[in-house]
file entry.cif (mmCIF, C-alpha atoms and all ligand atoms)
data_entry
loop_
_atom_site.label_atom_id
_atom_site.label_comp_id
_atom_site.auth_asym_id
_atom_site.auth_seq_id
_atom_site.Cartn_x
_atom_site.Cartn_y
_atom_site.Cartn_z
CA MET A 193 -5.09 66.76 0.65
CA ARG A 194 -7.47 69.06 2.49
CA GLY A 195 -9.32 71.19 -0.03
CA LYS A 196 -7.39 69.71 -2.98
CA HIS A 197 -9.25 68.83 -6.17
CA VAL A 198 -8.81 65.21 -7.24
CA LEU A 199 -10.18 64.18 -10.60
CA LEU A 200 -10.71 60.42 -10.27
CA GLY A 201 -10.83 58.67 -13.64
CA VAL A 202 -12.33 55.19 -13.55
CA THR A 203 -11.77 52.90 -16.55
CA GLY A 204 -13.25 49.56 -17.55
CA GLY A 205 -11.81 46.86 -15.33
CA ILE A 206 -13.09 44.53 -12.63
CA ALA A 207 -11.23 46.60 -10.02
CA ALA A 208 -13.63 49.50 -10.70
CA TYR A 209 -15.62 48.30 -7.68
CA LYS A 210 -12.66 49.35 -5.48
CA SER A 211 -12.88 52.90 -6.86
CA ALA A 212 -16.10 53.50 -4.93
CA GLU A 213 -14.14 52.85 -1.73
CA LEU A 214 -11.34 55.07 -3.07
CA VAL A 215 -13.76 58.03 -3.31
CA ARG A 216 -14.43 57.59 0.41
CA ARG A 217 -10.76 57.30 1.33
CA LEU A 218 -9.88 60.43 -0.66
CA GLY A 219 -12.78 62.24 1.00
CA ASP A 220 -11.53 61.13 4.44
CA ARG A 221 -8.32 62.99 3.65
CA GLY A 222 -10.21 66.15 2.85
CA ALA A 223 -10.07 66.00 -0.96
CA GLU A 224 -12.88 67.15 -3.23
CA VAL A 225 -13.41 64.36 -5.72
CA GLN A 226 -14.85 64.63 -9.23
CA VAL A 227 -15.41 61.22 -10.83
CA VAL A 228 -15.03 60.73 -14.58
CA LEU A 229 -16.07 57.36 -16.00
CA THR A 230 -15.16 55.84 -19.35
CA ALA A 231 -17.91 54.11 -21.31
CA ALA A 232 -16.47 50.72 -20.32
CA ALA A 233 -16.30 51.71 -16.62
CA ARG A 234 -20.07 52.31 -16.69
CA GLU A 235 -20.47 48.59 -17.49
CA PHE A 236 -18.88 47.74 -14.15
CA VAL A 237 -20.11 50.30 -11.58
CA GLY A 238 -23.07 52.64 -11.80
CA ALA A 239 -22.67 56.40 -11.93
CA THR A 240 -25.23 56.74 -9.12
CA THR A 241 -22.86 55.06 -6.66
CA PHE A 242 -20.06 57.50 -7.47
CA GLN A 243 -22.38 60.48 -7.46
CA ALA A 244 -23.69 59.59 -4.00
CA LEU A 245 -20.17 59.01 -2.61
CA SER A 246 -18.53 62.09 -4.15
CA GLY A 247 -21.49 64.45 -3.81
CA ARG A 248 -20.96 65.59 -7.40
CA PRO A 249 -22.57 64.58 -10.67
CA VAL A 250 -20.39 62.08 -12.50
CA ARG A 251 -18.94 63.08 -15.87
CA ASP A 252 -18.72 60.44 -18.56
CA SER A 253 -18.97 62.03 -21.98
CA LEU A 254 -17.27 64.65 -24.08
CA TRP A 255 -20.60 65.20 -25.79
CA ASP A 256 -22.74 66.33 -22.86
CA PRO A 257 -24.16 69.82 -23.60
CA ALA A 258 -25.49 70.31 -20.04
CA ALA A 259 -22.15 69.40 -18.42
CA GLU A 260 -20.19 71.48 -20.91
CA ALA A 261 -22.42 74.47 -20.15
CA ALA A 262 -21.60 74.16 -16.42
CA MET A 263 -17.89 73.23 -16.31
CA GLY A 264 -16.42 72.53 -19.76
CA HIS A 265 -13.80 69.83 -20.17
CA ILE A 266 -10.95 72.36 -20.29
CA GLU A 267 -12.16 74.02 -17.07
CA LEU A 268 -12.40 70.57 -15.51
CA ALA A 269 -8.80 69.88 -16.57
CA ARG A 270 -7.79 73.20 -14.95
CA TRP A 271 -9.84 72.48 -11.81
CA ALA A 272 -7.81 69.35 -11.01
CA ASP A 273 -4.83 69.48 -8.63
CA LEU A 274 -4.30 65.80 -9.36
CA VAL A 275 -5.65 63.44 -12.02
CA LEU A 276 -5.83 59.95 -10.56
CA ILE A 277 -6.85 57.06 -12.81
CA ALA A 278 -7.83 53.98 -10.83
CA PRO A 279 -8.22 51.42 -12.19
CA ALA A 280 -6.23 52.20 -15.32
CA SER A 281 -7.04 49.57 -17.94
CA ALA A 282 -4.49 48.31 -20.50
CA ASP A 283 -6.61 49.96 -23.19
CA PHE A 284 -6.60 53.31 -21.39
CA LEU A 285 -2.81 53.21 -20.84
CA ALA A 286 -2.41 52.53 -24.58
CA ARG A 287 -4.66 55.47 -25.49
CA LEU A 288 -2.81 57.75 -23.08
CA ALA A 289 0.58 56.65 -24.43
CA VAL A 290 -0.35 57.61 -27.99
CA GLY A 291 -2.03 60.85 -26.90
CA ARG A 292 -5.61 60.05 -27.97
CA ALA A 293 -8.35 62.55 -27.13
CA ASP A 294 -11.40 60.61 -28.29
CA ASP A 295 -13.16 60.40 -24.93
CA LEU A 296 -13.54 62.70 -21.93
CA LEU A 297 -10.90 61.10 -19.67
CA CYS A 298 -8.16 60.96 -22.34
CA THR A 299 -8.91 64.55 -23.32
CA LEU A 300 -8.67 65.70 -19.70
CA CYS A 301 -5.30 63.95 -19.31
CA LEU A 302 -3.95 65.80 -22.35
CA ALA A 303 -5.43 69.13 -21.31
CA THR A 304 -4.40 69.21 -17.66
CA ALA A 305 -1.30 70.76 -16.12
CA ALA A 306 -1.84 68.69 -12.95
CA PRO A 307 0.20 65.56 -12.23
CA VAL A 308 -1.32 62.43 -13.79
CA VAL A 309 -1.17 59.26 -11.69
CA ALA A 310 -2.40 55.84 -12.76
CA ALA A 311 -3.08 52.67 -10.78
CA PRO A 312 -3.02 49.88 -13.39
CA ALA A 313 -5.26 46.84 -12.93
CA MET A 314 -5.38 43.94 -15.35
CA ASN A 315 -4.69 40.25 -15.89
CA HIS A 316 -0.98 39.51 -15.32
CA GLN A 317 -0.45 38.43 -18.95
CA MET A 318 -1.94 41.71 -20.15
CA TRP A 319 0.38 43.58 -17.78
CA ALA A 320 3.47 41.60 -18.89
CA ASN A 321 2.64 42.00 -22.58
CA ALA A 322 5.38 43.88 -24.42
CA ALA A 323 2.84 46.35 -25.80
CA THR A 324 1.59 47.27 -22.31
CA GLN A 325 5.14 47.50 -20.98
CA ALA A 326 6.18 49.77 -23.86
CA ASN A 327 3.16 52.01 -23.20
CA VAL A 328 3.97 52.14 -19.50
CA ALA A 329 7.62 53.02 -20.22
CA THR A 330 6.50 55.86 -22.51
CA LEU A 331 4.10 57.21 -19.89
CA VAL A 332 6.65 57.03 -17.06
CA GLN A 333 9.22 58.76 -19.23
CA ARG A 334 6.69 61.57 -19.80
CA GLY A 335 6.16 61.97 -16.07
CA VAL A 336 3.00 59.91 -15.52
CA ARG A 337 3.32 58.34 -12.11
CA LEU A 338 2.29 54.68 -11.63
CA LEU A 339 0.94 53.33 -8.35
CA GLY A 340 1.35 49.55 -8.39
CA PRO A 341 0.19 47.17 -9.68
CA ALA A 342 0.38 44.74 -6.78
CA VAL A 343 1.14 41.03 -7.08
CA GLY A 344 -1.44 38.49 -5.93
CA ASP A 345 -4.73 36.73 -6.63
CA GLN A 346 -6.56 38.05 -9.66
CA ALA A 347 -10.27 38.16 -10.48
CA CYS A 348 -9.57 35.77 -13.39
CA GLY A 349 -8.43 33.13 -10.88
CA GLU A 350 -4.75 33.45 -11.79
CA GLN A 351 -1.89 34.96 -9.82
CA GLY A 352 0.75 37.55 -10.68
CA PRO A 353 1.41 41.27 -11.03
CA GLY A 354 -1.66 43.20 -12.16
CA ARG A 355 -3.88 43.67 -9.10
CA MET A 356 -4.89 47.24 -8.35
CA LEU A 357 -3.51 48.53 -5.04
CA GLU A 358 -6.06 48.76 -2.23
CA ALA A 359 -8.05 52.00 -2.00
CA ALA A 360 -6.41 53.10 1.27
CA GLU A 361 -2.91 52.62 -0.22
CA ILE A 362 -3.80 54.62 -3.32
CA ALA A 363 -5.28 57.43 -1.23
CA GLU A 364 -2.16 57.57 0.95
CA LEU A 365 0.21 57.63 -2.03
CA ALA A 366 -1.88 60.25 -3.81
CA ASP A 367 -1.85 62.33 -0.64
CA SER A 368 1.94 62.29 -0.42
CA LEU A 369 2.19 63.05 -4.15
CA LEU A 370 0.24 66.25 -3.64
CA GLY A 371 2.56 67.15 -0.80
CA GLY A 372 1.54 68.62 2.49
CA VAL A 373 1.05 72.25 3.24
CA GLY A 374 3.81 73.18 5.60
CA PRO A 375 6.82 75.36 6.32
CA PHE A 376 8.43 74.45 2.98
CA SER A 377 5.38 75.04 0.75
CA GLY A 378 6.46 76.66 -2.48
CA ARG A 379 10.17 76.07 -1.76
CA ARG A 380 12.57 73.84 -3.64
CA VAL A 381 15.03 71.69 -1.70
CA LEU A 382 17.82 69.29 -2.64
CA VAL A 383 18.59 66.10 -0.76
CA THR A 384 21.57 63.87 -1.53
CA ALA A 385 21.45 60.25 -0.40
CA GLY A 386 23.13 56.88 -0.56
CA PRO A 387 26.72 55.92 -1.29
CA THR A 388 28.81 56.82 -4.31
CA ARG A 389 30.76 54.31 -6.37
CA GLU A 390 34.25 55.20 -7.53
CA PRO A 391 35.30 52.93 -10.39
CA ILE A 392 38.54 50.91 -10.29
CA ASP A 393 38.02 49.12 -13.60
CA PRO A 394 34.90 48.26 -15.68
CA VAL A 395 33.65 45.75 -13.07
CA ARG A 396 34.93 46.99 -9.69
CA PHE A 397 34.46 50.06 -7.56
CA VAL A 398 35.23 51.58 -4.15
CA SER A 399 32.07 52.31 -2.13
CA ASN A 400 30.69 52.29 1.41
CA ARG A 401 27.88 50.82 3.52
CA SER A 402 25.33 53.64 3.18
CA SER A 403 21.83 52.29 2.38
CA GLY A 404 20.27 55.70 1.62
CA LYS A 405 17.45 55.08 4.14
CA MET A 406 18.09 58.27 6.15
CA GLY A 407 18.25 60.46 3.03
CA TYR A 408 15.10 58.95 1.53
CA ALA A 409 13.30 59.50 4.87
CA VAL A 410 14.47 63.15 4.90
CA ALA A 411 13.24 63.60 1.31
CA GLN A 412 9.84 62.19 2.29
CA ALA A 413 9.62 64.39 5.41
CA LEU A 414 10.49 67.53 3.40
CA ARG A 415 7.84 66.60 0.83
CA ALA A 416 5.31 66.16 3.65
CA ALA A 417 6.33 69.64 4.85
CA GLY A 418 5.29 71.03 1.47
CA ALA A 419 8.66 71.23 -0.34
CA GLU A 420 9.37 70.51 -3.97
CA VAL A 421 12.05 67.89 -3.43
CA VAL A 422 14.84 66.83 -5.76
CA LEU A 423 16.57 63.71 -4.47
CA ILE A 424 20.05 63.06 -5.88
CA SER A 425 20.80 59.47 -5.08
CA GLY A 426 23.70 57.08 -5.37
CA PRO A 427 22.90 53.41 -6.09
CA VAL A 428 20.42 52.11 -3.47
CA ALA A 429 17.58 49.58 -3.39
CA LEU A 430 14.81 51.88 -2.15
CA PRO A 431 11.56 53.11 -3.74
CA VAL A 432 11.52 56.83 -4.52
CA PRO A 433 9.11 58.57 -2.08
CA ALA A 434 5.88 59.67 -3.73
CA GLY A 435 5.98 63.20 -5.10
CA VAL A 436 9.78 63.37 -5.03
CA ARG A 437 11.87 63.77 -8.21
CA CYS A 438 14.89 61.48 -8.07
CA VAL A 439 18.06 61.81 -10.15
CA GLY A 440 20.29 58.72 -9.97
CA VAL A 441 24.08 59.09 -10.00
CA GLU A 442 27.07 56.79 -9.40
CA SER A 443 30.29 58.65 -8.64
CA ALA A 444 31.12 61.63 -6.43
CA ALA A 445 31.94 63.67 -9.56
CA GLN A 446 28.50 62.89 -11.04
CA MET A 447 26.80 63.79 -7.76
CA LEU A 448 28.61 67.15 -7.66
CA ALA A 449 27.63 67.90 -11.28
CA VAL A 450 23.94 67.15 -10.63
CA VAL A 451 23.93 69.13 -7.36
CA GLN A 452 25.37 72.16 -9.19
CA ARG A 453 22.85 71.77 -12.03
CA GLU A 454 19.86 71.52 -9.66
CA LEU A 455 21.02 74.13 -7.14
CA PRO A 456 19.71 77.39 -8.62
CA GLY A 457 16.52 78.45 -6.82
CA CYS A 458 16.97 75.96 -3.96
CA ALA A 459 16.29 77.12 -0.41
CA VAL A 460 17.91 74.17 1.36
CA LEU A 461 20.48 71.46 0.65
CA VAL A 462 20.40 68.45 2.95
CA ALA A 463 23.47 66.37 2.21
CA THR A 464 22.97 62.91 3.70
CA ALA A 465 24.93 61.08 0.98
CA ALA A 466 28.01 59.16 2.05
CA VAL A 467 30.17 60.61 -0.72
CA ALA A 468 33.50 58.88 -1.23
CA ASP A 469 36.39 61.01 0.08
CA TYR A 470 38.84 59.28 -2.25
CA ARG A 471 38.67 57.75 -5.72
CA PRO A 472 41.20 55.69 -7.68
CA VAL A 473 43.72 57.96 -9.43
CA SER A 474 43.26 56.09 -12.67
CA VAL A 475 40.46 53.83 -13.90
CA ALA A 476 41.64 50.80 -15.85
CA ASP A 477 39.79 50.48 -19.14
CA ARG A 478 39.96 46.67 -18.92
CA LYS A 479 39.36 44.33 -16.00
CA ILE A 480 42.49 44.16 -13.82
CA LYS A 481 43.73 40.56 -13.93
CA LYS A 482 44.73 38.53 -10.87
CA LYS A 483 48.46 38.43 -11.62
CA THR A 484 50.31 39.63 -8.53
CA GLU A 485 50.12 38.57 -4.88
CA GLN A 486 49.51 42.17 -3.79
CA LEU A 487 47.88 45.07 -5.54
CA THR A 488 48.17 48.69 -4.47
CA LEU A 489 45.42 51.12 -5.41
CA GLU A 490 46.46 54.74 -5.52
CA LEU A 491 43.66 57.03 -4.37
CA THR A 492 43.16 60.75 -4.68
CA ARG A 493 40.71 63.15 -3.01
CA THR A 494 37.32 63.70 -4.60
CA THR A 495 35.95 67.26 -4.79
CA ASP A 496 34.12 68.13 -1.57
CA ILE A 497 30.49 68.75 -2.59
CA LEU A 498 29.45 70.52 0.63
CA ALA A 499 32.47 72.83 0.74
CA THR A 500 32.03 73.65 -2.97
CA VAL A 501 28.36 74.59 -2.53
CA ALA A 502 29.07 76.49 0.73
CA ALA A 503 31.72 78.61 -1.01
CA GLY A 504 29.39 79.59 -3.87
CA ALA A 505 27.33 82.76 -4.26
CA ASN A 506 23.59 82.60 -3.38
CA ARG A 507 24.19 79.48 -1.35
CA PRO A 508 21.18 77.71 0.15
CA PHE A 509 20.80 76.81 3.83
CA ILE A 510 23.19 73.86 4.05
CA VAL A 511 22.66 70.87 6.31
CA GLY A 512 25.51 68.37 6.39
CA PHE A 513 25.67 64.91 7.91
CA ALA A 514 28.61 63.52 9.82
CA ALA A 515 29.15 59.82 10.41
CA GLU A 516 31.74 59.36 13.13
CA THR A 517 33.04 56.36 15.05
CA ASP A 518 34.32 58.46 17.99
CA ALA A 519 34.29 61.99 19.51
CA VAL A 520 31.06 62.60 17.56
CA GLU A 521 30.25 66.10 18.84
CA GLN A 522 33.81 67.40 18.53
CA HIS A 523 34.25 66.10 14.95
CA ALA A 524 30.79 67.34 13.92
CA ARG A 525 31.33 70.86 15.37
CA ASP A 526 34.68 70.99 13.57
CA LYS A 527 33.04 69.96 10.26
CA LEU A 528 30.28 72.57 10.72
CA GLU A 529 32.86 75.36 11.07
CA ARG A 530 35.48 74.08 8.61
CA LYS A 531 32.99 73.54 5.77
CA ASN A 532 30.98 76.66 6.58
CA LEU A 533 27.70 74.74 6.99
CA ASP A 534 24.53 76.07 8.66
CA MET A 535 23.58 72.87 10.45
CA ILE A 536 25.00 69.40 10.89
CA ALA A 537 23.35 66.13 11.92
CA ALA A 538 25.86 63.75 13.41
CA ASN A 539 25.53 60.08 14.12
CA GLU A 540 27.78 57.46 15.55
CA VAL A 541 28.61 54.71 13.08
CA GLY A 542 30.18 51.34 13.59
CA THR A 543 28.97 47.78 13.92
CA GLY A 544 25.15 47.78 13.91
CA LYS A 545 24.87 51.57 14.13
CA ALA A 546 23.36 54.00 11.61
CA PHE A 547 24.37 52.39 8.30
CA ASP A 548 21.68 50.14 6.83
CA CYS A 549 19.65 50.20 10.08
CA GLU A 550 15.95 50.97 10.42
CA ASP A 551 16.52 53.39 13.29
CA ASN A 552 19.15 55.85 14.34
CA ALA A 553 19.90 58.67 16.81
CA LEU A 554 21.12 62.13 15.79
CA LEU A 555 22.97 64.98 17.41
CA VAL A 556 22.06 68.18 15.55
CA LEU A 557 24.35 71.23 15.85
CA TRP A 558 23.91 74.63 14.26
CA ARG A 559 25.74 77.94 14.00
CA GLY A 560 25.90 80.03 17.14
CA GLY A 561 26.41 77.00 19.40
CA GLY A 562 22.87 75.51 19.27
CA ARG A 563 22.39 71.78 19.72
CA ALA A 564 19.58 69.22 19.93
CA GLU A 565 19.73 65.53 20.68
CA LEU A 566 17.23 63.41 18.76
CA ALA A 567 16.86 60.13 20.63
CA ARG A 568 16.97 56.73 18.91
CA ALA A 569 13.86 56.31 16.74
CA PRO A 570 12.82 54.96 13.33
CA LYS A 571 14.50 56.98 10.55
CA ALA A 572 11.13 58.39 9.36
CA GLU A 573 10.49 59.88 12.82
CA LEU A 574 14.01 61.28 13.08
CA ALA A 575 13.70 62.79 9.61
CA ALA A 576 10.48 64.59 10.59
CA ALA A 577 12.17 65.97 13.74
CA LEU A 578 15.19 67.09 11.72
CA VAL A 579 12.97 68.81 9.14
CA ALA A 580 11.23 70.69 11.98
CA LEU A 581 14.65 71.90 13.20
CA ILE A 582 15.64 72.97 9.68
CA ALA A 583 12.35 74.87 9.33
CA ALA A 584 12.99 76.63 12.64
CA HIS A 585 16.51 77.76 11.68
CA CYS A 586 16.58 78.37 7.94
CA PRO A 587 15.71 81.91 6.81
CA ALA A 588 12.05 82.43 5.90
CA LYS A 589 11.09 82.76 2.23
CA SER A 590 11.87 86.28 1.05
C1 LIG B 601 -15.58 41.28 -17.64
C2 LIG B 601 -14.46 42.12 -18.16
C3 LIG B 601 -13.43 42.44 -17.32
C4 LIG B 601 -12.37 43.22 -17.77
N1 LIG B 601 -11.37 43.52 -16.91
C5 LIG B 601 -10.32 44.27 -17.33
C6 LIG B 601 -9.28 44.60 -16.43
O1 LIG B 601 -9.29 44.23 -15.26
N2 LIG B 601 -8.25 45.34 -16.91
C7 LIG B 601 -8.21 45.76 -18.20
O2 LIG B 601 -7.22 46.41 -18.57
N3 LIG B 601 -9.19 45.48 -19.07
C8 LIG B 601 -10.25 44.74 -18.67
N4 LIG B 601 -11.25 44.44 -19.53
C9 LIG B 601 -11.20 44.97 -20.92
C10 LIG B 601 -11.61 46.45 -20.94
O3 LIG B 601 -12.88 46.64 -20.36
C11 LIG B 601 -11.59 46.94 -22.36
O4 LIG B 601 -10.26 46.90 -22.86
C12 LIG B 601 -12.15 48.34 -22.53
O5 LIG B 601 -11.94 48.76 -23.88
C13 LIG B 601 -11.47 49.35 -21.61
O6 LIG B 601 -11.97 50.63 -21.91
P1 LIG B 601 -11.56 51.94 -21.11
O7 LIG B 601 -10.08 51.88 -20.97
O8 LIG B 601 -12.02 53.06 -21.97
O9 LIG B 601 -12.28 51.92 -19.84
C14 LIG B 601 -12.34 43.68 -19.12
C15 LIG B 601 -13.40 43.35 -19.94
C16 LIG B 601 -14.43 42.59 -19.48
C17 LIG B 601 -15.55 42.26 -20.43
#
call {"tool": "encode", "arguments": {"input": "entry.cif", "output": "structure tokens", "more": "lines below"}}
Ligand SMILES: Cc1cc2nc3c(=O)[nH]c(=O)nc-3n(C[C@H](O)[C@H](O)[C@H](O)COP(=O)(O)O)c2cc1C
result
Amino acid sequence: MRGKHVLLGVTGGIAAYKSAELVRRLGDRGAEVQVVLTAAAREFVGATTFQALSGRPVRDSLWDPAAEAAMGHIELARWADLVLIAPASADFLARLAVGRADDLLCTLCLATAAPVVAAPAMNHQMWANAATQANVATLVQRGVRLLGPAVGDQACGEQGPGRMLEAAEIAELADSLLGGVGPFSGRRVLVTAGPTREPIDPVRFVSNRSSGKMGYAVAQALRAAGAEVVLISGPVALPVPAGVRCVGVESAAQMLAVVQRELPGCAVLVATAAVADYRPVSVADRKIKKKTEQLTLELTRTTDILATVAAGANRPFIVGFAAETDAVEQHARDKLERKNLDMIAANEVGTGKAFDCEDNALLVLWRGGGRAELARAPKAELAAALVALIAAHCPAKS
């Protein structure tokens, strides 16, 4: 966040007192913070507090001739690298969802090209209300990113979802949304993750044990290294890392189609997904009934995503993953050559190893005979080490 411009919008909720702390936490991370208060927010926390903490005069009105003469609202909207609204009241979310521009903060949200992020805070009934949920769905669909709310004790004495996240959590998430400055700054990368599901009939499928944890960790590490990350994910139960765009898919064929659609302009493809090698030859259109003692499924090969991308023109730097139960290095080296990859990260799989674990160990091989052993560590640490190796070996931006 160092040197980044964060426009912190504070709206009228009890949690506004936490926003003072948030200014400090954003500042700790090197951000320049400009606070904008709504009229209701001023009822909760004084502008003087925010001015002292941010070192900048607070803005709170569209109709302020002095402020407009210095930095007009459109310039302020352009100044922001990130618009962060914390707390975001139910009323503010409603105004944002319908595109109102009748106060300074709403107007800035409409006028900015920066990502807009909101940390909702309200009574749990207000949060659960169908109107609020419809507004939230509209905003998310338009690309507004929500942080929280958390579940827990509320200022009204009740319990439930609606608490604003703590200031430190919001600052950390906002930081990762902005992305680090690193070797992949300004470069687009694709990461595939998770298992695929190959349908047998409307209720059954063939799949595997991949949890997606390694791929999600790689996506997060690439984002931290400055990349614009597109994560193409099979069905998993993981939160999408902040700042990463995720496209959900089910089958190997869908994953291939999305990879091909997203590929143009990508510098790197990291294929961690455990894509099914085989799919049922035919998919029954009705549930297969339990009639016979034995049932034989006929399977056919799926299209190999890595080999297809590697054979294409203008191919990116391709990093494959190999999950092997034996002769790991030999199988991985063979896959590197056979599929014409640039790098391969191999891990041993089997009972209690790699799949659905919190940690893992990787053997990384690359063209020309290079190798590196990454010792057993949490997947986030391994992902950061792998991203450093990719940065060292993939061609620099032309
Ligand atoms: C004491 C008090 C506490 C409030 N707390 C919240 C809250 O936590 N969340 C919320 O969405 N609205 C809360 N409200 C209602 C908002 O302040 C009200 O909807 C206001 O119009 C919000 O305006 P704004 O979104 O422009 O800041 C509260 C109101 C009062 C009087």
call {"tool": "residues_around", "arguments": {"input": "entry.cif", "residues": "segment 519-532 of chain A", "least_positions_apart": "2", "cutoff": "9 Å", "atoms": "all atoms listed in the file", "output": "MDAnalysis selection string"}}
result
chainID A and resid 498:500 502:503 510:517 534:540 555:559 561
call {"tool": "residues_near_ligand", "arguments": {"input": "entry.cif", "ligand": "ligand LIG 601 (chain B)", "cutoff": "10 Å", "atoms": "only C-alpha atoms and all ligand atoms", "output": "PDB file with C-alpha atoms, in the coordinates of the input"}}
result
ATOM      1  CA  GLY A 201     -10.830  58.670 -13.640  1.00  0.00           C
ATOM      2  CA  VAL A 202     -12.330  55.190 -13.550  1.00  0.00           C
ATOM      3  CA  THR A 203     -11.770  52.900 -16.550  1.00  0.00           C
ATOM      4  CA  GLY A 204     -13.250  49.560 -17.550  1.00  0.00           C
ATOM      5  CA  GLY A 205     -11.810  46.860 -15.330  1.00  0.00           C
ATOM      6  CA  ILE A 206     -13.090  44.530 -12.630  1.00  0.00           C
ATOM      7  CA  ALA A 207     -11.230  46.600 -10.020  1.00  0.00           C
ATOM      8  CA  ALA A 208     -13.630  49.500 -10.700  1.00  0.00           C
ATOM      9  CA  LEU A 229     -16.070  57.360 -16.000  1.00  0.00           C
ATOM     10  CA  THR A 230     -15.160  55.840 -19.350  1.00  0.00           C
ATOM     11  CA  ALA A 231     -17.910  54.110 -21.310  1.00  0.00           C
ATOM     12  CA  ALA A 232     -16.470  50.720 -20.320  1.00  0.00           C
ATOM     13  CA  ALA A 233     -16.300  51.710 -16.620  1.00  0.00           C
ATOM     14  CA  ARG A 234     -20.070  52.310 -16.690  1.00  0.00           C
ATOM     15  CA  GLU A 235     -20.470  48.590 -17.490  1.00  0.00           C
ATOM     16  CA  PHE A 236     -18.880  47.740 -14.150  1.00  0.00           C
ATOM     17  CA  PRO A 279      -8.220  51.420 -12.190  1.00  0.00           C
ATOM     18  CA  ALA A 280      -6.230  52.200 -15.320  1.00  0.00           C
ATOM     19  CA  SER A 281      -7.040  49.570 -17.940  1.00  0.00           C
ATOM     20  CA  ALA A 282      -4.490  48.310 -20.500  1.00  0.00           C
ATOM     21  CA  ASP A 283      -6.610  49.960 -23.190  1.00  0.00           C
ATOM     22  CA  PHE A 284      -6.600  53.310 -21.390  1.00  0.00           C
ATOM     23  CA  LEU A 285      -2.810  53.210 -20.840  1.00  0.00           C
ATOM     24  CA  ALA A 286      -2.410  52.530 -24.580  1.00  0.00           C
ATOM     25  CA  ARG A 287      -4.660  55.470 -25.490  1.00  0.00           C
ATOM     26  CA  LEU A 288      -2.810  57.750 -23.080  1.00  0.00           C
ATOM     27  CA  ASP A 294     -11.400  60.610 -28.290  1.00  0.00           C
ATOM     28  CA  ASP A 295     -13.160  60.400 -24.930  1.00  0.00           C
ATOM     29  CA  LEU A 296     -13.540  62.700 -21.930  1.00  0.00           C
ATOM     30  CA  LEU A 297     -10.900  61.100 -19.670  1.00  0.00           C
ATOM     31  CA  CYS A 298      -8.160  60.960 -22.340  1.00  0.00           C
ATOM     32  CA  PRO A 312      -3.020  49.880 -13.390  1.00  0.00           C
ATOM     33  CA  ALA A 313      -5.260  46.840 -12.930  1.00  0.00           C
ATOM     34  CA  MET A 314      -5.380  43.940 -15.350  1.00  0.00           C
ATOM     35  CA  ASN A 315      -4.690  40.250 -15.890  1.00  0.00           C
ATOM     36  CA  HIS A 316      -0.980  39.510 -15.320  1.00  0.00           C
ATOM     37  CA  MET A 318      -1.940  41.710 -20.150  1.00  0.00           C
ATOM     38  CA  TRP A 319       0.380  43.580 -17.780  1.00  0.00           C
ATOM     39  CA  THR A 324       1.590  47.270 -22.310  1.00  0.00           C
ATOM     40  CA  GLN A 346      -6.560  38.050  -9.660  1.00  0.00           C
ATOM     41  CA  ALA A 347     -10.270  38.160 -10.480  1.00  0.00           C
ATOM     42  CA  CYS A 348      -9.570  35.770 -13.390  1.00  0.00           C
ATOM     43  CA  GLY A 354      -1.660  43.200 -12.160  1.00  0.00           C
ATOM     44  CA  ARG A 355      -3.880  43.670  -9.100  1.00  0.00           C
ATOM     45  CA  MET A 356      -4.890  47.240  -8.350  1.00  0.00           C
TER      46      MET A 356
END
call {"tool": "atom_distance", "arguments": {"input": "entry.cif", "atom1": "atom CA of Val373 of chain A", "atom2": "atom CA of Ala272 of chain A"}}
result
17.0 Å
call {"tool": "residues_near_point", "arguments": {"input": "entry.cif", "point": "(-6.6, 61.8, -17.7)", "cutoff": "9 Å", "atoms": "only C-alpha atoms", "output": "short mmCIF file (atom, residue, chain, number, x, y, z; two decimals) with C-alpha atoms, in the frame of the given file"}}
result
data_model
loop_
_atom_site.label_atom_id
_atom_site.label_comp_id
_atom_site.auth_asym_id
_atom_site.auth_seq_id
_atom_site.Cartn_x
_atom_site.Cartn_y
_atom_site.Cartn_z
CA LEU A 199 -10.18 64.18 -10.60
CA LEU A 200 -10.71 60.42 -10.27
CA GLY A 201 -10.83 58.67 -13.64
CA ALA A 269 -8.80 69.88 -16.57
CA VAL A 275 -5.65 63.44 -12.02
CA LEU A 276 -5.83 59.95 -10.56
CA ILE A 277 -6.85 57.06 -12.81
CA LEU A 288 -2.81 57.75 -23.08
CA LEU A 296 -13.54 62.70 -21.93
CA LEU A 297 -10.90 61.10 -19.67
CA CYS A 298 -8.16 60.96 -22.34
CA THR A 299 -8.91 64.55 -23.32
CA LEU A 300 -8.67 65.70 -19.70
CA CYS A 301 -5.30 63.95 -19.31
CA LEU A 302 -3.95 65.80 -22.35
CA ALA A 303 -5.43 69.13 -21.31
CA THR A 304 -4.40 69.21 -17.66
CA VAL A 308 -1.32 62.43 -13.79
CA VAL A 309 -1.17 59.26 -11.69
CA ALA A 310 -2.40 55.84 -12.76
#
call {"tool": "atom_distance", "arguments": {"input": "entry.cif", "atom1": "atom CA of Ala342 of chain A", "atom2": "atom CA of Val215 of chain A"}}
result
19.7 Å
call {"tool": "residues_around", "arguments": {"input": "entry.cif", "residues": "segment 426-431 of chain A", "least_positions_apart": "3", "cutoff": "6 Å", "atoms": "all atoms listed in the file", "output": "list in words"}}
result
Gly386, Pro387, Thr388, Gly440, Val441 and Glu442 of chain A
call {"tool": "closest_residue", "arguments": {"input": "entry.cif", "among": "A:Asp345, A:Asp393, A:Glu358, A:Asp273", "to": "Val473 of chain A", "atoms": "all atoms listed in the file"}}
result
A:Asp393
call {"tool": "decode", "arguments": {"input": "entry.cif", "residues": "segment 414-418 of chain A", "atoms": "C-alpha atoms", "output": "tab-separated table (two decimals), in the first residue's frame"}}
result
chain	number	residue	atom	x	y	z
A	414	LEU	CA	1.03	-13.92	-7.47
A	415	ARG	CA	-1.33	-11.12	-6.46
A	416	ALA	CA	1.07	-10.13	-3.67
A	417	ALA	CA	3.82	-10.08	-6.33
A	418	GLY	CA	1.83	-7.45	-8.22
